[in-house]
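Just below is one structure, and these are the notes that go with it.
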Amino acid sequence: MLTTYLQDLRREFRGYNAKIAQADIMSGITVAAVALPLALAFGVGSGADAAAGLITAILAGFIIGALSGAAYQISGPTGAMTAILISVIAHYKLQGMFVACLLSGVFLLIAGVCRLGRLVSFIPMPVISGFTSGMSIVIALGQLGNFLDVPLHGEDTLQKVGSLFTYLQQPDTWVRPTAVSYISIGMGLFTIALMLLWPKKWGSKLPASIVAVVVTLLLTTWLDLPVTQVGAIPRTLLPDVRLTLDTIPWTQLSGLLMPAFSIAALGMIESLLCGVAGGRMSGGTFNADRELVAQGIGNMLIPFFGGVPATAAIARTSVGIKSGGKTRLMGIIHAVVLLISMFLLAPIMSRIPLATLASVLLVTAWRMNEWSEIRYIFSKRMKSAMAQFLVTVVITVAFDLTIAIAVGVGFSMLLFVAQSSNMGITVQEVDRKRLQERGVTLSESIGKMQVAYLSGPLFFASIDKLQSVVKENPCDILVLSMRGVSMIDTSGMRGLEELLARLRGDNVTVLFAAMQETVRHSFDRCGLTDVIGAENFYWSTDLALAQFGQQRTETK
């Protein structure tokens with residue numbers, strides 16, 4: 001992997017010149033402009049603070065950006081990760097979250113070394129779209145408190161929403177001046193409107209989120225508005241609240257394994273999907289396993305600086321690609337710009353209204369949804385895909401990502417088994433006149449001949465149907481055409497052997513035609529070929545009818 005990394009670096013920087021460097025610098029600055037408000041918002045939204053999000057974006061840009069599996073990947077805090085961290089921090093506090101981040105990095109590193117990057121391709125797209133939409137709902141619900149400038153209580157999103165409704169139902173909530181901040185709501189609505197209406201051609205040069213932050217910050221400062229603000233942002237990469245070896249909650253480690261796995265699973269899915277999407281946009285190459293190693297190393301180091309877990313971010317990655325970035329220096333330059341912003345603008349950023357950042361997250365949550373995929377699923381009325389999507393959304397909101405992935409994939413497997421068990425079986429009686437036209441004459445004494453055309457896998461869920469159909473269509477000679485049978489499992493083998501024994505007891509001759517090589521290999525390995533007799537296998541159905549029927553006629 002190290003050799004491949006060095007080879008990719010040489011190819012990436014071959015012919016590097018001032019023109020390419022200028023493109024990397026400009027795109028890095030553009031990405032930083034997009035990343036700055038998002039980093040602050042994701043830091044606050046996760047339950048940590050704005051400084052944690054900013055530190056994460058800086059370190060991810062340096063560490064993960066340098067080691068990434070693609071030149072175009074930009075990593076940092078993301079909205080999807082925020083949805084998980086809300087409950088992790090609520091249950092285990094910041095130190096617990098830091099340890100979960102560290103453990104998730106270990107999991108990602110192991111996954112990369114073991115070359116498990118392709119596993120994400122086994123998760124159905126409706127499931128991925130489902131938990132993406134579920135996480136967007138979790139993010140949106142989690143920001144209602146900051147948007148309304150009211151306190152929320154509870155260990156998870158649903159409890160916090162419940163406390164919000166309880167608070168709003170109090171008789172004097174809407175008349176007390178400080179109960180619900182109408183100023184914060186106004187700022188939030190302004191931010192949402194600006195981000196939704198901001199022209200795309202302007203957004204490529206000046207992100208709407210930056211404009212919203214600047215405008216609301218100026219209003220808050222000049223008018224001294226009574227709104228909740230971000231709070232102090234330390235000018236250091238080593239804040240007081242961070243992971244150290246002596247602060248590791250050793251007694252909670254077993255309880256943190258599942259949250260760590262959730263973080264690692266999301267990091268894996270989001271980073272690899274981002275890499276594939278970025279590769280299509282840029283035409284560049286993507287090494288999935290190296291990306292996992294980079295994410296693992298980054299997330300093992302970030303908590304020691306007080307940051308939150310990082311993943312590749314599709315929004316920032318696409319901005320970098322569209323801005324003309326050519327190499328991984330783009331990501332590193334974006335980190336440099338963020339670092340400079342921390343030291344120069346920390347006092348100013350500390351006065352940003354939380355309602356503004358909450359609104360940025362609300363719009364981000366809306367845009368997180370894969371609307372084209374959702375429209376496709378529901379417009380085409382794909383019932384199984386619709387069920388997978390809706391089940392995953394509900395589980396994600398009600399529980400967490402790990403359970404949602406497990407349930408979503410498990411539900412998809414059950415649907416697949418149910419659909420596969422509906423094996424296609426068409427039984428046709430042999431047309432003797434048609435055979436005679438082809439020069440094959442069969443004696444009437446041969447008896448009734450039928451062909452059963454099979455399509456689909458022959459396994460435990462479909463063997464019963466085959467046995468039932470054959471029983472309902474008695475004959476003297478049965479040809480099983482297996483061109484459409486792609487695989488057969490042990491249960492299928494055993495059921496087929498029982499079927500053959502019963503048919504032979506009824507003096508029925510069974511022939512096999514058009515069998516795929518992999519299925520024939522399974523027959524050979526299980527000894528079923530010897531039971532059937534090699535002479536009863538034919539290349540095609542027509543050949544089976546012609547040769548076997550002719551031989552039987554001559555014998556008669």
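Here, A, B, ... name the chains of the structure tokens in the order displayed, residue numbers run from 1 inside each chain, and ligands are numbered from 1 in the same displayed order.
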
12 Å contact set for A:Tyr538, only C-alpha atoms, chain neighbours under 4 positions out, as a PyMOL selection string
chain A and resi 479-483+510-516+520+533-534+542-548

Just write the chosen residues, C-alpha atoms, as an mmCIF file, in the first residue's frame.
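Result file out.cif:
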```cif
data_model
loop_
_atom_site.group_PDB
_atom_site.id
_atom_site.type_symbol
_atom_site.label_atom_id
_atom_site.label_comp_id
_atom_site.auth_asym_id
_atom_site.auth_seq_id
_atom_site.Cartn_x
_atom_site.Cartn_y
_atom_site.Cartn_z
ATOM 1 C CA VAL A 479 -36.390 -32.693 -19.120
ATOM 2 C CA LEU A 480 -35.186 -30.050 -16.662
ATOM 3 C CA SER A 481 -33.875 -27.094 -18.678
ATOM 4 C CA MET A 482 -31.510 -25.274 -16.275
ATOM 5 C CA ARG A 483 -30.038 -22.528 -18.420
ATOM 6 C CA VAL A 510 -35.261 -37.333 -15.719
ATOM 7 C CA LEU A 511 -32.873 -35.562 -18.097
ATOM 8 C CA PHE A 512 -30.905 -32.355 -17.506
ATOM 9 C CA ALA A 513 -30.242 -29.823 -20.263
ATOM 10 C CA ALA A 514 -28.410 -26.499 -20.725
ATOM 11 C CA MET A 515 -26.804 -26.530 -17.274
ATOM 12 C CA GLN A 516 -24.376 -23.718 -16.416
ATOM 13 C CA ARG A 520 -22.565 -28.597 -13.004
ATOM 14 C CA GLY A 533 -25.658 -40.577 -14.718
ATOM 15 C CA ALA A 534 -23.392 -38.533 -16.949
ATOM 16 C CA ASP A 542 -33.533 -29.797 -28.257
ATOM 17 C CA LEU A 543 -30.487 -32.072 -28.201
ATOM 18 C CA ALA A 544 -31.864 -33.955 -25.212
ATOM 19 C CA LEU A 545 -35.205 -34.534 -26.900
ATOM 20 C CA ALA A 546 -33.638 -35.485 -30.204
ATOM 21 C CA GLN A 547 -30.919 -37.861 -28.980
ATOM 22 C CA PHE A 548 -32.713 -39.465 -26.051
#
```

Applying 8 Å and only C-alpha atoms, which residues near stretch 496-506 of chain A remain after dropping the ones on its own chain fewer than 6 positions away? List them as a PyMOL selection string.
chain A and resi 463+467+528

Considering only C-alpha atoms, give me a table of residues in stretch 44-78 of chain A that are at most 8 Å from stretch 335-345 of chain A, with the closest atom pair and distance in Å for each, as CSV.
```
residue,atom,partner,partner_atom,distance
A:Leu54,CA,A:Leu338,CA,7.4
A:Ala57,CA,A:Ala335,CA,6.8
A:Ile58,CA,A:Ala335,CA,4.5
A:Leu59,CA,A:Ala335,CA,7.1
A:Ala60,CA,A:Ala335,CA,7.8
A:Gly61,CA,A:Ala335,CA,4.9
A:Phe62,CA,A:Ala335,CA,6.2
```

Can you write out as CSV which residues of stretch 236-350 of chain A fall within 10 Å of stretch 121-143 of chain A, alongside each residue's closest atom pair and its distance in Å to one decimal, counting only C-alpha atoms and ordering rows by chain and ascending residue number?
```
residue,atom,partner,partner_atom,distance
A:Leu266,CA,A:Phe131,CA,9.9
A:Ile269,CA,A:Ile128,CA,8.5
A:Glu270,CA,A:Ile128,CA,9.5
A:Leu272,CA,A:Ser121,CA,9.3
A:Leu273,CA,A:Ser121,CA,9.1
```

Report as a list in words all protein, DNA and RNA residues lying within 9 Å of A:Leu109, evaluated on only C-alpha atoms, omitting residues in the same chain fewer than 2 positions from it.
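These residues fall inside the cut-off: Ser104, Gly105, Val106, Phe107, Ala111, Gly112, Val113, Cys114, Leu292, Val293, Ala294, Gln295, Gly296 and Ile297 of chain A.
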
Output file for the residues above (N, CA and C atoms, as an mmCIF file, in the first residue's frame):
```
data_model
loop_
_atom_site.group_PDB
_atom_site.id
_atom_site.type_symbol
_atom_site.label_atom_id
_atom_site.label_comp_id
_atom_site.auth_asym_id
_atom_site.auth_seq_id
_atom_site.Cartn_x
_atom_site.Cartn_y
_atom_site.Cartn_z
ATOM 1 N N SER A 104 -12.895 4.248 16.654
ATOM 2 C CA SER A 104 -13.386 4.185 15.274
ATOM 3 C C SER A 104 -12.236 4.302 14.286
ATOM 4 N N GLY A 105 -11.239 5.115 14.636
ATOM 5 C CA GLY A 105 -10.054 5.214 13.794
ATOM 6 C C GLY A 105 -9.317 3.887 13.698
ATOM 7 N N VAL A 106 -9.251 3.182 14.824
ATOM 8 C CA VAL A 106 -8.616 1.850 14.825
ATOM 9 C C VAL A 106 -9.392 0.903 13.907
ATOM 10 N N PHE A 107 -10.729 0.924 14.016
ATOM 11 C CA PHE A 107 -11.553 0.063 13.168
ATOM 12 C C PHE A 107 -11.346 0.383 11.686
ATOM 13 N N ALA A 111 -9.831 -1.990 8.768
ATOM 14 C CA ALA A 111 -10.610 -2.241 7.553
ATOM 15 C C ALA A 111 -9.799 -1.932 6.304
ATOM 16 N N GLY A 112 -9.023 -0.838 6.341
ATOM 17 C CA GLY A 112 -8.203 -0.485 5.185
ATOM 18 C C GLY A 112 -7.077 -1.471 4.958
ATOM 19 N N VAL A 113 -6.401 -1.867 6.032
ATOM 20 C CA VAL A 113 -5.298 -2.825 5.915
ATOM 21 C C VAL A 113 -5.809 -4.176 5.415
ATOM 22 N N CYS A 114 -7.001 -4.563 5.858
ATOM 23 C CA CYS A 114 -7.602 -5.833 5.429
ATOM 24 C C CYS A 114 -8.300 -5.718 4.075
ATOM 25 N N LEU A 292 -9.519 4.429 3.558
ATOM 26 C CA LEU A 292 -9.885 3.949 4.894
ATOM 27 C C LEU A 292 -8.710 4.065 5.854
ATOM 28 N N VAL A 293 -7.510 3.766 5.387
ATOM 29 C CA VAL A 293 -6.316 3.909 6.233
ATOM 30 C C VAL A 293 -6.133 5.374 6.625
ATOM 31 N N ALA A 294 -6.303 6.277 5.658
ATOM 32 C CA ALA A 294 -6.161 7.714 5.941
ATOM 33 C C ALA A 294 -7.201 8.175 6.947
ATOM 34 N N GLN A 295 -8.446 7.743 6.752
ATOM 35 C CA GLN A 295 -9.497 8.112 7.696
ATOM 36 C C GLN A 295 -9.209 7.535 9.078
ATOM 37 N N GLY A 296 -8.678 6.312 9.103
ATOM 38 C CA GLY A 296 -8.352 5.688 10.381
ATOM 39 C C GLY A 296 -7.271 6.444 11.135
ATOM 40 N N ILE A 297 -6.194 6.783 10.443
ATOM 41 C CA ILE A 297 -5.098 7.518 11.085
ATOM 42 C C ILE A 297 -5.581 8.893 11.558
#
```

For stretch 214-219 of chain A, please output as a list in words all residues within 7 Å (counting only C-alpha atoms; exclusion window: fewer than 6 positions along the same chain).
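Result of the neighbour search: Met187, Arg351, Ile352 and Pro353 of chain A.
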
Expected file: the selected residues, N, CA, C and O atoms, as a PDB file, in the first residue's frame:
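again03.pdb, written as the output of this step:
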```pdb
ATOM      1  N   MET A 187     -33.289  35.792  12.424  1.00  0.00           N
ATOM      2  CA  MET A 187     -31.966  35.553  11.837  1.00  0.00           C
ATOM      3  C   MET A 187     -31.920  34.192  11.136  1.00  0.00           C
ATOM      4  O   MET A 187     -31.337  34.044  10.051  1.00  0.00           O
ATOM      5  N   ARG A 351     -18.703  35.490  18.269  1.00  0.00           N
ATOM      6  CA  ARG A 351     -19.936  36.264  18.417  1.00  0.00           C
ATOM      7  C   ARG A 351     -20.988  35.892  17.369  1.00  0.00           C
ATOM      8  O   ARG A 351     -22.026  36.534  17.268  1.00  0.00           O
ATOM      9  N   ILE A 352     -20.722  34.866  16.589  1.00  0.00           N
ATOM     10  CA  ILE A 352     -21.709  34.424  15.587  1.00  0.00           C
ATOM     11  C   ILE A 352     -22.943  33.876  16.302  1.00  0.00           C
ATOM     12  O   ILE A 352     -22.835  33.057  17.217  1.00  0.00           O
ATOM     13  N   PRO A 353     -24.146  34.286  15.913  1.00  0.00           N
ATOM     14  CA  PRO A 353     -25.361  33.775  16.557  1.00  0.00           C
ATOM     15  C   PRO A 353     -25.535  32.272  16.295  1.00  0.00           C
ATOM     16  O   PRO A 353     -25.349  31.804  15.165  1.00  0.00           O
TER      17      PRO A 353
END
```

Could you give me, as a PyMOL selection string, each residue of stretch 289-412 of chain A that DSSP assigns to alpha helix (DSSP H) when run on this structure's backbone?
chain A and resi 289-301+314-322+329-349+354-368+371-379+383-398+401-412

Between A:Asp8, A:Asp431, A:Asp246, A:Asp149, single out the one closest to A:Thr327, counting only C-alpha atoms.
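Closest residue, counting only C-alpha atoms: A:Asp8.
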
Could you give me, as a tab-separated table, a per-residue list for stretch 161-276 of chain A showing, wherever an atom lies at most 7 Å from an atom of stretch 300-316 of chain A, the closest pair of atoms and their distance in Å to one decimal, using only C-alpha atoms and sorting by chain then residue number from low to high?
```
residue	atom	partner	partner_atom	distance
A:Leu237	CA	A:Phe305	CA	6.0
A:Leu238	CA	A:Phe305	CA	5.2
A:Pro239	CA	A:Gly306	CA	6.4
A:Val241	CA	A:Gly306	CA	6.0
A:Arg242	CA	A:Gly306	CA	3.9
A:Leu243	CA	A:Phe304	CA	4.6
A:Thr244	CA	A:Phe304	CA	6.2
A:Gly267	CA	A:Thr311	CA	5.1
A:Glu270	CA	A:Ala312	CA	6.5
A:Ser271	CA	A:Ala312	CA	4.5
A:Cys274	CA	A:Ile314	CA	5.2
```

With N, CA, C and O atoms kept, could you save the residues just selected as a PDB file, in the first residue's frame?
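So out-v1.pdb came out as:
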```pdb
ATOM      1  N   LEU A 237      -4.502  24.684  18.829  1.00  0.00           N
ATOM      2  CA  LEU A 237      -4.890  23.341  18.412  1.00  0.00           C
ATOM      3  C   LEU A 237      -4.838  22.359  19.580  1.00  0.00           C
ATOM      4  O   LEU A 237      -5.067  21.163  19.390  1.00  0.00           O
ATOM      5  N   LEU A 238      -4.514  22.854  20.756  1.00  0.00           N
ATOM      6  CA  LEU A 238      -4.466  22.017  21.956  1.00  0.00           C
ATOM      7  C   LEU A 238      -5.335  22.637  23.047  1.00  0.00           C
ATOM      8  O   LEU A 238      -4.830  23.201  24.020  1.00  0.00           O
ATOM      9  N   PRO A 239      -6.653  22.582  22.879  1.00  0.00           N
ATOM     10  CA  PRO A 239      -7.539  23.192  23.876  1.00  0.00           C
ATOM     11  C   PRO A 239      -7.502  22.413  25.193  1.00  0.00           C
ATOM     12  O   PRO A 239      -6.987  21.296  25.272  1.00  0.00           O
ATOM     13  N   VAL A 241     -10.023  21.040  26.717  1.00  0.00           N
ATOM     14  CA  VAL A 241     -10.885  19.855  26.645  1.00  0.00           C
ATOM     15  C   VAL A 241     -10.454  19.007  25.444  1.00  0.00           C
ATOM     16  O   VAL A 241     -10.787  19.315  24.302  1.00  0.00           O
ATOM     17  N   ARG A 242      -9.717  17.967  25.705  1.00  0.00           N
ATOM     18  CA  ARG A 242      -9.244  17.059  24.663  1.00  0.00           C
ATOM     19  C   ARG A 242      -8.910  15.722  25.301  1.00  0.00           C
ATOM     20  O   ARG A 242      -8.945  15.574  26.521  1.00  0.00           O
ATOM     21  N   LEU A 243      -8.606  14.749  24.480  1.00  0.00           N
ATOM     22  CA  LEU A 243      -8.296  13.412  24.989  1.00  0.00           C
ATOM     23  C   LEU A 243      -6.830  13.336  25.400  1.00  0.00           C
ATOM     24  O   LEU A 243      -5.938  13.729  24.649  1.00  0.00           O
ATOM     25  N   THR A 244      -6.604  12.847  26.578  1.00  0.00           N
ATOM     26  CA  THR A 244      -5.257  12.531  27.049  1.00  0.00           C
ATOM     27  C   THR A 244      -5.298  11.128  27.643  1.00  0.00           C
ATOM     28  O   THR A 244      -6.369  10.619  28.010  1.00  0.00           O
ATOM     29  N   GLY A 267     -18.227   6.598   8.787  1.00  0.00           N
ATOM     30  CA  GLY A 267     -17.033   7.141   8.147  1.00  0.00           C
ATOM     31  C   GLY A 267     -16.655   6.356   6.908  1.00  0.00           C
ATOM     32  O   GLY A 267     -16.261   6.927   5.879  1.00  0.00           O
ATOM     33  N   GLU A 270     -19.565   6.992   4.124  1.00  0.00           N
ATOM     34  CA  GLU A 270     -19.567   8.354   3.586  1.00  0.00           C
ATOM     35  C   GLU A 270     -18.293   8.653   2.799  1.00  0.00           C
ATOM     36  O   GLU A 270     -18.337   9.253   1.722  1.00  0.00           O
ATOM     37  N   SER A 271     -17.150   8.220   3.312  1.00  0.00           N
ATOM     38  CA  SER A 271     -15.884   8.504   2.647  1.00  0.00           C
ATOM     39  C   SER A 271     -15.771   7.771   1.313  1.00  0.00           C
ATOM     40  O   SER A 271     -15.311   8.332   0.315  1.00  0.00           O
ATOM     41  N   CYS A 274     -18.240   9.212  -1.213  1.00  0.00           N
ATOM     42  CA  CYS A 274     -17.709  10.505  -1.647  1.00  0.00           C
ATOM     43  C   CYS A 274     -16.582  10.302  -2.657  1.00  0.00           C
ATOM     44  O   CYS A 274     -16.500  11.006  -3.660  1.00  0.00           O
TER      45      CYS A 274
END
```

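Of the listed residues (A:Leu458, A:Lys448, A:His153, A:Met97), A:Lys448 comes nearest to A:Asn473; the distances count only C-alpha atoms.
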
Counting only C-alpha atoms, what are the residues of stretch 242-261 of chain A within 8 Å of stretch 98-101 of chain A, and for each of them which pair of atoms is the nearest and at what distance in Å, to one decimal? Sort the table by chain and rising number, as JSON lines.
```
{"residue": "A:Arg242", "atom": "CA", "partner": "A:Phe98", "partner_atom": "CA", "distance": 7.4}
{"residue": "A:Leu243", "atom": "CA", "partner": "A:Phe98", "partner_atom": "CA", "distance": 6.0}
{"residue": "A:Ile248", "atom": "CA", "partner": "A:Val99", "partner_atom": "CA", "distance": 6.8}
{"residue": "A:Pro249", "atom": "CA", "partner": "A:Val99", "partner_atom": "CA", "distance": 8.0}
{"residue": "A:Leu253", "atom": "CA", "partner": "A:Val99", "partner_atom": "CA", "distance": 7.9}
{"residue": "A:Leu256", "atom": "CA", "partner": "A:Ala100", "partner_atom": "CA", "distance": 5.8}
{"residue": "A:Leu257", "atom": "CA", "partner": "A:Ala100", "partner_atom": "CA", "distance": 7.0}
{"residue": "A:Pro259", "atom": "CA", "partner": "A:Ala100", "partner_atom": "CA", "distance": 6.3}
{"residue": "A:Ala260", "atom": "CA", "partner": "A:Ala100", "partner_atom": "CA", "distance": 4.4}
```
